Amino acid sequence: MIISGFVPAQKVYPLRLLVLRPGGVLADCIFEGDEDPETSHIAASDEIGDIRAVGSYYEKGHPAIQAKRPIQLRGMASHPEVRGMGFGAEVIAFGVIYYSASGADVIWCNAREVAVPFYEKHGFQKIGEPFEIGKIGMHWVMFKRI
């Protein structure tokens, strides 16, 4: 069983570090806007309460995406032990339901190249050309109208 809900920013940092910044330090996983009151951190946990996937949603637009109320999904990470088991999908689904009910019209992200199929499976589409983010690798801007 997957349980999802809102968590404080500090709860998403360990999984961000493990998946998104391996070999880094916790400070690498603290993003600008994490503590903004409009930012939401969503976690999907297993039946014993261990956080297995996380995603953070920021009220932020992208110049290439027309939207009245855009939301950026950032820091999406699923624990390697549970990939493909629906935890990441639950973080997306929870965010889509919550933000569509609150008046948002698009969710977008900078998707790592390896994650593009995951996002496409959940209705996101690529826009523009791939680009590199520092030591992290190639990314695509992707978005989903909600």
# chains A, B, ... in the order shown; residues from 1 in each chain; ligands from 1
$ select_by_dssp --residues "chain A" --states "helix (DSSP H, G or I)" --output "number ranges by chain"
A: 9-11, 13-20, 26-29, 80-82, 87-101, 113-121
$ residues_around --residues "A:Leu17" --least-positions-apart "5" --cutoff "8 Å" --atoms "only C-alpha atoms" --output "PDB file with all heavy atoms, in the first residue's frame"
ATOM      1  N   PRO A  22      24.083  11.872  -5.481  1.00  0.00           N
ATOM      2  CA  PRO A  22      24.884  10.835  -4.810  1.00  0.00           C
ATOM      3  C   PRO A  22      26.332  11.292  -4.641  1.00  0.00           C
ATOM      4  O   PRO A  22      26.910  11.879  -5.557  1.00  0.00           O
ATOM      5  CB  PRO A  22      24.769   9.623  -5.728  1.00  0.00           C
ATOM      6  CG  PRO A  22      24.329  10.160  -7.047  1.00  0.00           C
ATOM      7  CD  PRO A  22      23.578  11.423  -6.770  1.00  0.00           C
ATOM      8  N   GLY A  23      26.876  11.051  -3.482  1.00  0.00           N
ATOM      9  CA  GLY A  23      28.245  11.480  -3.199  1.00  0.00           C
ATOM     10  C   GLY A  23      28.340  12.929  -2.775  1.00  0.00           C
ATOM     11  O   GLY A  23      29.421  13.406  -2.440  1.00  0.00           O
ATOM     12  N   GLY A  24      27.216  13.634  -2.784  1.00  0.00           N
ATOM     13  CA  GLY A  24      27.219  15.037  -2.381  1.00  0.00           C
ATOM     14  C   GLY A  24      26.991  15.174  -0.889  1.00  0.00           C
ATOM     15  O   GLY A  24      27.136  14.220  -0.127  1.00  0.00           O
ATOM     16  N   VAL A  25      26.633  16.373  -0.513  1.00  0.00           N
ATOM     17  CA  VAL A  25      26.322  16.661   0.888  1.00  0.00           C
ATOM     18  C   VAL A  25      24.889  17.172   0.950  1.00  0.00           C
ATOM     19  O   VAL A  25      24.323  17.613  -0.054  1.00  0.00           O
ATOM     20  CB  VAL A  25      27.298  17.692   1.491  1.00  0.00           C
ATOM     21  CG1 VAL A  25      28.715  17.137   1.529  1.00  0.00           C
ATOM     22  CG2 VAL A  25      27.263  19.004   0.725  1.00  0.00           C
ATOM     23  N   LEU A  26      24.299  17.115   2.138  1.00  0.00           N
ATOM     24  CA  LEU A  26      22.906  17.492   2.296  1.00  0.00           C
ATOM     25  C   LEU A  26      22.621  18.906   1.781  1.00  0.00           C
ATOM     26  O   LEU A  26      21.562  19.156   1.215  1.00  0.00           O
ATOM     27  CB  LEU A  26      22.486  17.359   3.764  1.00  0.00           C
ATOM     28  CG  LEU A  26      20.985  17.242   4.001  1.00  0.00           C
ATOM     29  CD1 LEU A  26      20.392  16.035   3.298  1.00  0.00           C
ATOM     30  CD2 LEU A  26      20.690  17.197   5.479  1.00  0.00           C
ATOM     31  N   ASP A  28      23.612  20.240  -0.797  1.00  0.00           N
ATOM     32  CA  ASP A  28      23.371  20.183  -2.243  1.00  0.00           C
ATOM     33  C   ASP A  28      21.896  19.957  -2.555  1.00  0.00           C
ATOM     34  O   ASP A  28      21.460  20.153  -3.697  1.00  0.00           O
ATOM     35  CB  ASP A  28      24.164  19.038  -2.888  1.00  0.00           C
ATOM     36  CG  ASP A  28      25.669  19.204  -2.764  1.00  0.00           C
ATOM     37  OD1 ASP A  28      26.140  20.352  -2.626  1.00  0.00           O
ATOM     38  OD2 ASP A  28      26.374  18.171  -2.810  1.00  0.00           O
ATOM     39  N   CYS A  29      21.136  19.503  -1.574  1.00  0.00           N
ATOM     40  CA  CYS A  29      19.744  19.104  -1.780  1.00  0.00           C
ATOM     41  C   CYS A  29      18.742  20.122  -1.287  1.00  0.00           C
ATOM     42  O   CYS A  29      17.542  19.876  -1.313  1.00  0.00           O
ATOM     43  CB  CYS A  29      19.499  17.764  -1.088  1.00  0.00           C
ATOM     44  SG  CYS A  29      20.566  16.497  -1.731  1.00  0.00           S
TER      45      CYS A  29
END
$ closest_residue --among "A:Asp105, A:Ala111, A:Gly49, A:Leu15" --to "A:Ile30" --atoms "only C-alpha atoms"
A:Leu15
$ residues_around --residues "A:His41" --least-positions-apart "6" --cutoff "6 Å" --atoms "only C-alpha atoms" --output "PyMOL selection string"
chain A and resi 6-7+55-56
$ residues_around --residues "A:Ile51" --least-positions-apart "5" --cutoff "10 Å" --atoms "only C-alpha atoms" --output "PDB file with all heavy atoms, in the first residue's frame"
ATOM      1  N   ILE A   2       0.502   2.248  -0.805  1.00  0.00           N
ATOM      2  CA  ILE A   2       1.241   3.505  -0.895  1.00  0.00           C
ATOM      3  C   ILE A   2       0.419   4.593  -0.212  1.00  0.00           C
ATOM      4  O   ILE A   2      -0.770   4.750  -0.488  1.00  0.00           O
ATOM      5  CB  ILE A   2       1.520   3.883  -2.363  1.00  0.00           C
ATOM      6  CG1 ILE A   2       2.336   2.788  -3.040  1.00  0.00           C
ATOM      7  CG2 ILE A   2       2.223   5.227  -2.441  1.00  0.00           C
ATOM      8  CD1 ILE A   2       2.515   2.969  -4.534  1.00  0.00           C
ATOM      9  N   ILE A   3       1.053   5.325   0.681  1.00  0.00           N
ATOM     10  CA  ILE A   3       0.414   6.425   1.394  1.00  0.00           C
ATOM     11  C   ILE A   3       1.110   7.709   0.954  1.00  0.00           C
ATOM     12  O   ILE A   3       2.336   7.802   1.010  1.00  0.00           O
ATOM     13  CB  ILE A   3       0.555   6.233   2.916  1.00  0.00           C
ATOM     14  CG1 ILE A   3      -0.039   4.883   3.319  1.00  0.00           C
ATOM     15  CG2 ILE A   3      -0.097   7.379   3.675  1.00  0.00           C
ATOM     16  CD1 ILE A   3       0.562   4.313   4.565  1.00  0.00           C
ATOM     17  N   SER A   4       0.330   8.694   0.500  1.00  0.00           N
ATOM     18  CA  SER A   4       0.948   9.938   0.047  1.00  0.00           C
ATOM     19  C   SER A   4       0.399  11.117   0.817  1.00  0.00           C
ATOM     20  O   SER A   4      -0.699  11.068   1.358  1.00  0.00           O
ATOM     21  CB  SER A   4       0.722  10.130  -1.453  1.00  0.00           C
ATOM     22  OG  SER A   4      -0.655  10.131  -1.742  1.00  0.00           O
ATOM     23  N   VAL A   7       4.689  16.788   3.290  1.00  0.00           N
ATOM     24  CA  VAL A   7       5.714  16.649   4.329  1.00  0.00           C
ATOM     25  C   VAL A   7       6.523  17.942   4.379  1.00  0.00           C
ATOM     26  O   VAL A   7       6.558  18.697   3.411  1.00  0.00           O
ATOM     27  CB  VAL A   7       6.660  15.444   4.064  1.00  0.00           C
ATOM     28  CG1 VAL A   7       5.906  14.126   4.133  1.00  0.00           C
ATOM     29  CG2 VAL A   7       7.396  15.595   2.748  1.00  0.00           C
ATOM     30  N   LYS A  11      12.083  16.548   5.228  1.00  0.00           N
ATOM     31  CA  LYS A  11      11.805  15.125   5.005  1.00  0.00           C
ATOM     32  C   LYS A  11      12.176  14.660   3.589  1.00  0.00           C
ATOM     33  O   LYS A  11      12.346  13.468   3.366  1.00  0.00           O
ATOM     34  CB  LYS A  11      10.331  14.823   5.256  1.00  0.00           C
ATOM     35  CG  LYS A  11       9.913  15.003   6.687  1.00  0.00           C
ATOM     36  CD  LYS A  11      10.378  13.840   7.518  1.00  0.00           C
ATOM     37  CE  LYS A  11       9.771  13.913   8.904  1.00  0.00           C
ATOM     38  NZ  LYS A  11      10.159  12.798   9.730  1.00  0.00           N
ATOM     39  N   VAL A  12      12.295  15.598   2.633  1.00  0.00           N
ATOM     40  CA  VAL A  12      12.619  15.189   1.258  1.00  0.00           C
ATOM     41  C   VAL A  12      14.131  15.170   0.999  1.00  0.00           C
ATOM     42  O   VAL A  12      14.588  14.542   0.048  1.00  0.00           O
ATOM     43  CB  VAL A  12      11.908  16.069   0.196  1.00  0.00           C
ATOM     44  CG1 VAL A  12      10.404  16.042   0.397  1.00  0.00           C
ATOM     45  CG2 VAL A  12      12.437  17.491   0.165  1.00  0.00           C
ATOM     46  N   PRO A  14      16.861  13.707   2.460  1.00  0.00           N
ATOM     47  CA  PRO A  14      17.645  12.462   2.391  1.00  0.00           C
ATOM     48  C   PRO A  14      17.471  11.697   1.077  1.00  0.00           C
ATOM     49  O   PRO A  14      18.450  11.203   0.514  1.00  0.00           O
ATOM     50  CB  PRO A  14      17.131  11.648   3.585  1.00  0.00           C
ATOM     51  CG  PRO A  14      16.630  12.677   4.545  1.00  0.00           C
ATOM     52  CD  PRO A  14      16.048  13.757   3.676  1.00  0.00           C
ATOM     53  N   LEU A  15      16.247  11.644   0.558  1.00  0.00           N
ATOM     54  CA  LEU A  15      16.035  10.926  -0.705  1.00  0.00           C
ATOM     55  C   LEU A  15      16.580  11.724  -1.886  1.00  0.00           C
ATOM     56  O   LEU A  15      17.129  11.142  -2.823  1.00  0.00           O
ATOM     57  CB  LEU A  15      14.551  10.611  -0.886  1.00  0.00           C
ATOM     58  CG  LEU A  15      14.212   9.525  -1.906  1.00  0.00           C
ATOM     59  CD1 LEU A  15      15.010   8.243  -1.700  1.00  0.00           C
ATOM     60  CD2 LEU A  15      12.713   9.223  -1.875  1.00  0.00           C
ATOM     61  N   ILE A  42       5.722  16.721  -1.456  1.00  0.00           N
ATOM     62  CA  ILE A  42       4.847  15.559  -1.419  1.00  0.00           C
ATOM     63  C   ILE A  42       5.709  14.308  -1.333  1.00  0.00           C
ATOM     64  O   ILE A  42       6.706  14.176  -2.048  1.00  0.00           O
ATOM     65  CB  ILE A  42       3.926  15.528  -2.652  1.00  0.00           C
ATOM     66  CG1 ILE A  42       3.022  16.768  -2.637  1.00  0.00           C
ATOM     67  CG2 ILE A  42       3.114  14.235  -2.696  1.00  0.00           C
ATOM     68  CD1 ILE A  42       2.190  16.952  -3.882  1.00  0.00           C
ATOM     69  N   ALA A  43       5.312  13.403  -0.466  1.00  0.00           N
ATOM     70  CA  ALA A  43       6.027  12.140  -0.307  1.00  0.00           C
ATOM     71  C   ALA A  43       5.054  10.979  -0.449  1.00  0.00           C
ATOM     72  O   ALA A  43       3.889  11.083  -0.049  1.00  0.00           O
ATOM     73  CB  ALA A  43       6.708  12.079   1.058  1.00  0.00           C
ATOM     74  N   ALA A  44       5.565   9.895  -1.007  1.00  0.00           N
ATOM     75  CA  ALA A  44       4.829   8.635  -1.044  1.00  0.00           C
ATOM     76  C   ALA A  44       5.600   7.668  -0.154  1.00  0.00           C
ATOM     77  O   ALA A  44       6.805   7.478  -0.324  1.00  0.00           O
ATOM     78  CB  ALA A  44       4.728   8.111  -2.468  1.00  0.00           C
ATOM     79  N   SER A  45       4.897   7.098   0.803  1.00  0.00           N
ATOM     80  CA  SER A  45       5.516   6.213   1.787  1.00  0.00           C
ATOM     81  C   SER A  45       4.946   4.809   1.673  1.00  0.00           C
ATOM     82  O   SER A  45       3.833   4.615   1.188  1.00  0.00           O
ATOM     83  CB  SER A  45       5.266   6.737   3.200  1.00  0.00           C
ATOM     84  OG  SER A  45       5.756   8.053   3.340  1.00  0.00           O
ATOM     85  N   ASP A  46       5.721   3.846   2.179  1.00  0.00           N
ATOM     86  CA  ASP A  46       5.222   2.470   2.227  1.00  0.00           C
ATOM     87  C   ASP A  46       4.375   2.287   3.483  1.00  0.00           C
ATOM     88  O   ASP A  46       4.196   3.218   4.281  1.00  0.00           O
ATOM     89  CB  ASP A  46       6.365   1.459   2.137  1.00  0.00           C
ATOM     90  CG  ASP A  46       7.389   1.585   3.254  1.00  0.00           C
ATOM     91  OD1 ASP A  46       7.069   2.147   4.323  1.00  0.00           O
ATOM     92  OD2 ASP A  46       8.520   1.109   3.066  1.00  0.00           O
ATOM     93  N   SER A  78      12.748   8.761  -6.566  1.00  0.00           N
ATOM     94  CA  SER A  78      12.207   7.497  -6.050  1.00  0.00           C
ATOM     95  C   SER A  78      13.365   6.648  -5.566  1.00  0.00           C
ATOM     96  O   SER A  78      14.395   6.546  -6.248  1.00  0.00           O
ATOM     97  CB  SER A  78      11.459   6.734  -7.142  1.00  0.00           C
ATOM     98  OG  SER A  78      10.304   7.431  -7.527  1.00  0.00           O
ATOM     99  N   HIS A  79      13.193   6.030  -4.414  1.00  0.00           N
ATOM    100  CA  HIS A  79      14.242   5.165  -3.884  1.00  0.00           C
ATOM    101  C   HIS A  79      14.504   4.040  -4.880  1.00  0.00           C
ATOM    102  O   HIS A  79      13.564   3.440  -5.416  1.00  0.00           O
ATOM    103  CB  HIS A  79      13.817   4.595  -2.531  1.00  0.00           C
ATOM    104  CG  HIS A  79      14.956   4.022  -1.772  1.00  0.00           C
ATOM    105  ND1 HIS A  79      15.550   2.831  -2.114  1.00  0.00           N
ATOM    106  CD2 HIS A  79      15.644   4.497  -0.712  1.00  0.00           C
ATOM    107  CE1 HIS A  79      16.538   2.575  -1.290  1.00  0.00           C
ATOM    108  NE2 HIS A  79      16.622   3.584  -0.421  1.00  0.00           N
ATOM    109  N   PHE A  87       5.425   4.360  -6.607  1.00  0.00           N
ATOM    110  CA  PHE A  87       5.625   5.435  -5.627  1.00  0.00           C
ATOM    111  C   PHE A  87       5.806   6.788  -6.315  1.00  0.00           C
ATOM    112  O   PHE A  87       5.198   7.780  -5.900  1.00  0.00           O
ATOM    113  CB  PHE A  87       6.808   5.117  -4.712  1.00  0.00           C
ATOM    114  CG  PHE A  87       6.525   4.010  -3.740  1.00  0.00           C
ATOM    115  CD1 PHE A  87       6.777   2.688  -4.081  1.00  0.00           C
ATOM    116  CD2 PHE A  87       5.990   4.270  -2.489  1.00  0.00           C
ATOM    117  CE1 PHE A  87       6.514   1.658  -3.195  1.00  0.00           C
ATOM    118  CE2 PHE A  87       5.716   3.247  -1.585  1.00  0.00           C
ATOM    119  CZ  PHE A  87       5.976   1.931  -1.943  1.00  0.00           C
TER     120      PHE A  87
END
$ residues_around --residues "A:Arg83" --least-positions-apart "5" --cutoff "9 Å" --atoms "only C-alpha atoms" --output "JSON, numbers by chain"
{"A": [52, 53, 78, 88]}
$ write_last_selection --atoms "all heavy atoms" --output "short mmCIF file (atom, residue, chain, number, x, y, z; two decimals), in the first residue's frame"
data_model
loop_
_atom_site.label_atom_id
_atom_site.label_comp_id
_atom_site.auth_asym_id
_atom_site.auth_seq_id
_atom_site.Cartn_x
_atom_site.Cartn_y
_atom_site.Cartn_z
N ARG A 52 9.43 6.71 0.24
CA ARG A 52 9.98 5.99 -0.90
C ARG A 52 10.08 6.84 -2.16
O ARG A 52 10.82 6.50 -3.07
CB ARG A 52 9.16 4.74 -1.19
CG ARG A 52 9.12 3.77 -0.02
CD ARG A 52 10.50 3.55 0.56
NE ARG A 52 10.72 2.17 0.90
CZ ARG A 52 11.91 1.62 0.98
NH1 ARG A 52 12.98 2.31 0.74
NH2 ARG A 52 12.05 0.36 1.32
N ALA A 53 9.33 7.93 -2.22
CA ALA A 53 9.41 8.86 -3.36
C ALA A 53 9.02 10.24 -2.88
O ALA A 53 8.20 10.39 -1.98
CB ALA A 53 8.51 8.41 -4.51
N SER A 78 12.75 8.76 -6.57
CA SER A 78 12.21 7.50 -6.05
C SER A 78 13.36 6.65 -5.57
O SER A 78 14.39 6.55 -6.25
CB SER A 78 11.46 6.73 -7.14
OG SER A 78 10.30 7.43 -7.53
N GLY A 88 6.63 6.85 -7.34
CA GLY A 88 6.81 8.09 -8.09
C GLY A 88 5.52 8.51 -8.77
O GLY A 88 5.17 9.69 -8.78
#
$ residues_around --residues "A:Arg112" --least-positions-apart "6" --cutoff "8 Å" --atoms "only C-alpha atoms" --output "number ranges by chain"
A: 137-140
$ atom_distance --atom1 "atom CA of A:Pro63" --atom2 "atom CA of A:Ala93"
24.6 Å
$ closest_residue --among "A:Ala64, A:Met1, A:Ala27, A:Ala77" --to "A:Val141" --atoms "only C-alpha atoms"
A:Ala64
$ select_by_dssp --residues "chain A" --states "strand (DSSP E or B)" --output "number ranges by chain"
A: 3-6, 40-45, 51-58, 70-78, 106-112, 125-133, 137-145
$ residues_around --residues "A:Arg69" --least-positions-apart "2" --cutoff "12 Å" --atoms "only C-alpha atoms" --output "number ranges by chain"
A: 58-62, 65-67, 71-72, 99-108, 145-146
$ atom_distance --atom1 "atom CA of A:Glu81" --atom2 "atom CA of A:Glu35"
28.4 Å
$ decode --residues "stretch 23-54 of chain A" --atoms "N, CA and C atoms" --output "mmCIF file, in the first residue's frame"
data_model
loop_
_atom_site.group_PDB
_atom_site.id
_atom_site.type_symbol
_atom_site.label_atom_id
_atom_site.label_comp_id
_atom_site.auth_asym_id
_atom_site.auth_seq_id
_atom_site.Cartn_x
_atom_site.Cartn_y
_atom_site.Cartn_z
ATOM 1 N N GLY A 23 26.876 11.051 -3.482
ATOM 2 C CA GLY A 23 28.245 11.480 -3.199
ATOM 3 C C GLY A 23 28.340 12.929 -2.775
ATOM 4 N N GLY A 24 27.216 13.634 -2.784
ATOM 5 C CA GLY A 24 27.219 15.037 -2.381
ATOM 6 C C GLY A 24 26.991 15.174 -0.889
ATOM 7 N N VAL A 25 26.633 16.373 -0.513
ATOM 8 C CA VAL A 25 26.322 16.661 0.888
ATOM 9 C C VAL A 25 24.889 17.172 0.950
ATOM 10 N N LEU A 26 24.299 17.115 2.138
ATOM 11 C CA LEU A 26 22.906 17.492 2.296
ATOM 12 C C LEU A 26 22.621 18.906 1.781
ATOM 13 N N ALA A 27 23.570 19.812 1.939
ATOM 14 C CA ALA A 27 23.374 21.186 1.473
ATOM 15 C C ALA A 27 23.118 21.248 -0.038
ATOM 16 N N ASP A 28 23.612 20.240 -0.797
ATOM 17 C CA ASP A 28 23.371 20.183 -2.243
ATOM 18 C C ASP A 28 21.896 19.957 -2.555
ATOM 19 N N CYS A 29 21.136 19.503 -1.574
ATOM 20 C CA CYS A 29 19.744 19.104 -1.780
ATOM 21 C C CYS A 29 18.742 20.122 -1.287
ATOM 22 N N ILE A 30 19.221 21.252 -0.827
ATOM 23 C CA ILE A 30 18.338 22.319 -0.372
ATOM 24 C C ILE A 30 18.215 23.313 -1.521
ATOM 25 N N PHE A 31 17.017 23.414 -2.075
ATOM 26 C CA PHE A 31 16.782 24.242 -3.248
ATOM 27 C C PHE A 31 16.151 25.572 -2.860
ATOM 28 N N GLU A 32 16.453 26.586 -3.642
ATOM 29 C CA GLU A 32 15.822 27.888 -3.444
ATOM 30 C C GLU A 32 14.305 27.714 -3.538
ATOM 31 N N GLY A 33 13.597 28.258 -2.593
ATOM 32 C CA GLY A 33 12.139 28.172 -2.584
ATOM 33 C C GLY A 33 11.588 27.034 -1.752
ATOM 34 N N ASP A 34 12.442 26.151 -1.242
ATOM 35 C CA ASP A 34 11.957 25.016 -0.443
ATOM 36 C C ASP A 34 11.126 25.450 0.752
ATOM 37 N N GLU A 35 11.467 26.564 1.350
ATOM 38 C CA GLU A 35 10.764 27.011 2.560
ATOM 39 C C GLU A 35 9.686 28.055 2.272
ATOM 40 N N ASP A 36 9.453 28.382 0.993
ATOM 41 C CA ASP A 36 8.394 29.337 0.668
ATOM 42 C C ASP A 36 7.041 28.765 1.081
ATOM 43 N N PRO A 37 6.150 29.587 1.583
ATOM 44 C CA PRO A 37 4.847 29.068 2.021
ATOM 45 C C PRO A 37 4.022 28.469 0.879
ATOM 46 N N GLU A 38 4.282 28.887 -0.357
ATOM 47 C CA GLU A 38 3.530 28.369 -1.499
ATOM 48 C C GLU A 38 4.065 27.027 -1.985
ATOM 49 N N THR A 39 5.258 26.633 -1.558
ATOM 50 C CA THR A 39 5.876 25.387 -2.003
ATOM 51 C C THR A 39 5.278 24.208 -1.241
ATOM 52 N N SER A 40 5.038 23.123 -1.969
ATOM 53 C CA SER A 40 4.540 21.891 -1.355
ATOM 54 C C SER A 40 5.530 20.762 -1.607
ATOM 55 N N HIS A 41 5.790 19.997 -0.590
ATOM 56 C CA HIS A 41 6.643 18.813 -0.695
ATOM 57 C C HIS A 41 5.728 17.611 -0.494
ATOM 58 N N ILE A 42 5.722 16.721 -1.456
ATOM 59 C CA ILE A 42 4.847 15.559 -1.419
ATOM 60 C C ILE A 42 5.709 14.308 -1.333
ATOM 61 N N ALA A 43 5.312 13.403 -0.466
ATOM 62 C CA ALA A 43 6.027 12.140 -0.307
ATOM 63 C C ALA A 43 5.054 10.979 -0.449
ATOM 64 N N ALA A 44 5.565 9.895 -1.007
ATOM 65 C CA ALA A 44 4.829 8.635 -1.044
ATOM 66 C C ALA A 44 5.600 7.668 -0.154
ATOM 67 N N SER A 45 4.897 7.098 0.803
ATOM 68 C CA SER A 45 5.516 6.213 1.787
ATOM 69 C C SER A 45 4.946 4.809 1.673
ATOM 70 N N ASP A 46 5.721 3.846 2.179
ATOM 71 C CA ASP A 46 5.222 2.470 2.227
ATOM 72 C C ASP A 46 4.375 2.287 3.483
ATOM 73 N N GLU A 47 3.876 1.088 3.670
ATOM 74 C CA GLU A 47 2.941 0.826 4.780
ATOM 75 C C GLU A 47 3.557 0.982 6.163
ATOM 76 N N ILE A 48 4.899 0.958 6.257
ATOM 77 C CA ILE A 48 5.515 1.166 7.573
ATOM 78 C C ILE A 48 5.968 2.614 7.782
ATOM 79 N N GLY A 49 5.685 3.461 6.792
ATOM 80 C CA GLY A 49 5.970 4.883 6.935
ATOM 81 C C GLY A 49 7.289 5.357 6.370
ATOM 82 N N ASP A 50 8.053 4.474 5.718
ATOM 83 C CA ASP A 50 9.310 4.905 5.100
ATOM 84 C C ASP A 50 9.016 5.666 3.814
ATOM 85 N N ILE A 51 9.599 6.853 3.686
ATOM 86 C CA ILE A 51 9.417 7.659 2.476
ATOM 87 C C ILE A 51 10.159 6.974 1.336
ATOM 88 N N ARG A 52 9.427 6.707 0.239
ATOM 89 C CA ARG A 52 9.982 5.987 -0.903
ATOM 90 C C ARG A 52 10.081 6.836 -2.163
ATOM 91 N N ALA A 53 9.327 7.935 -2.222
ATOM 92 C CA ALA A 53 9.409 8.855 -3.362
ATOM 93 C C ALA A 53 9.020 10.244 -2.884
ATOM 94 N N VAL A 54 9.628 11.258 -3.499
ATOM 95 C CA VAL A 54 9.348 12.647 -3.137
ATOM 96 C C VAL A 54 9.311 13.516 -4.382
#
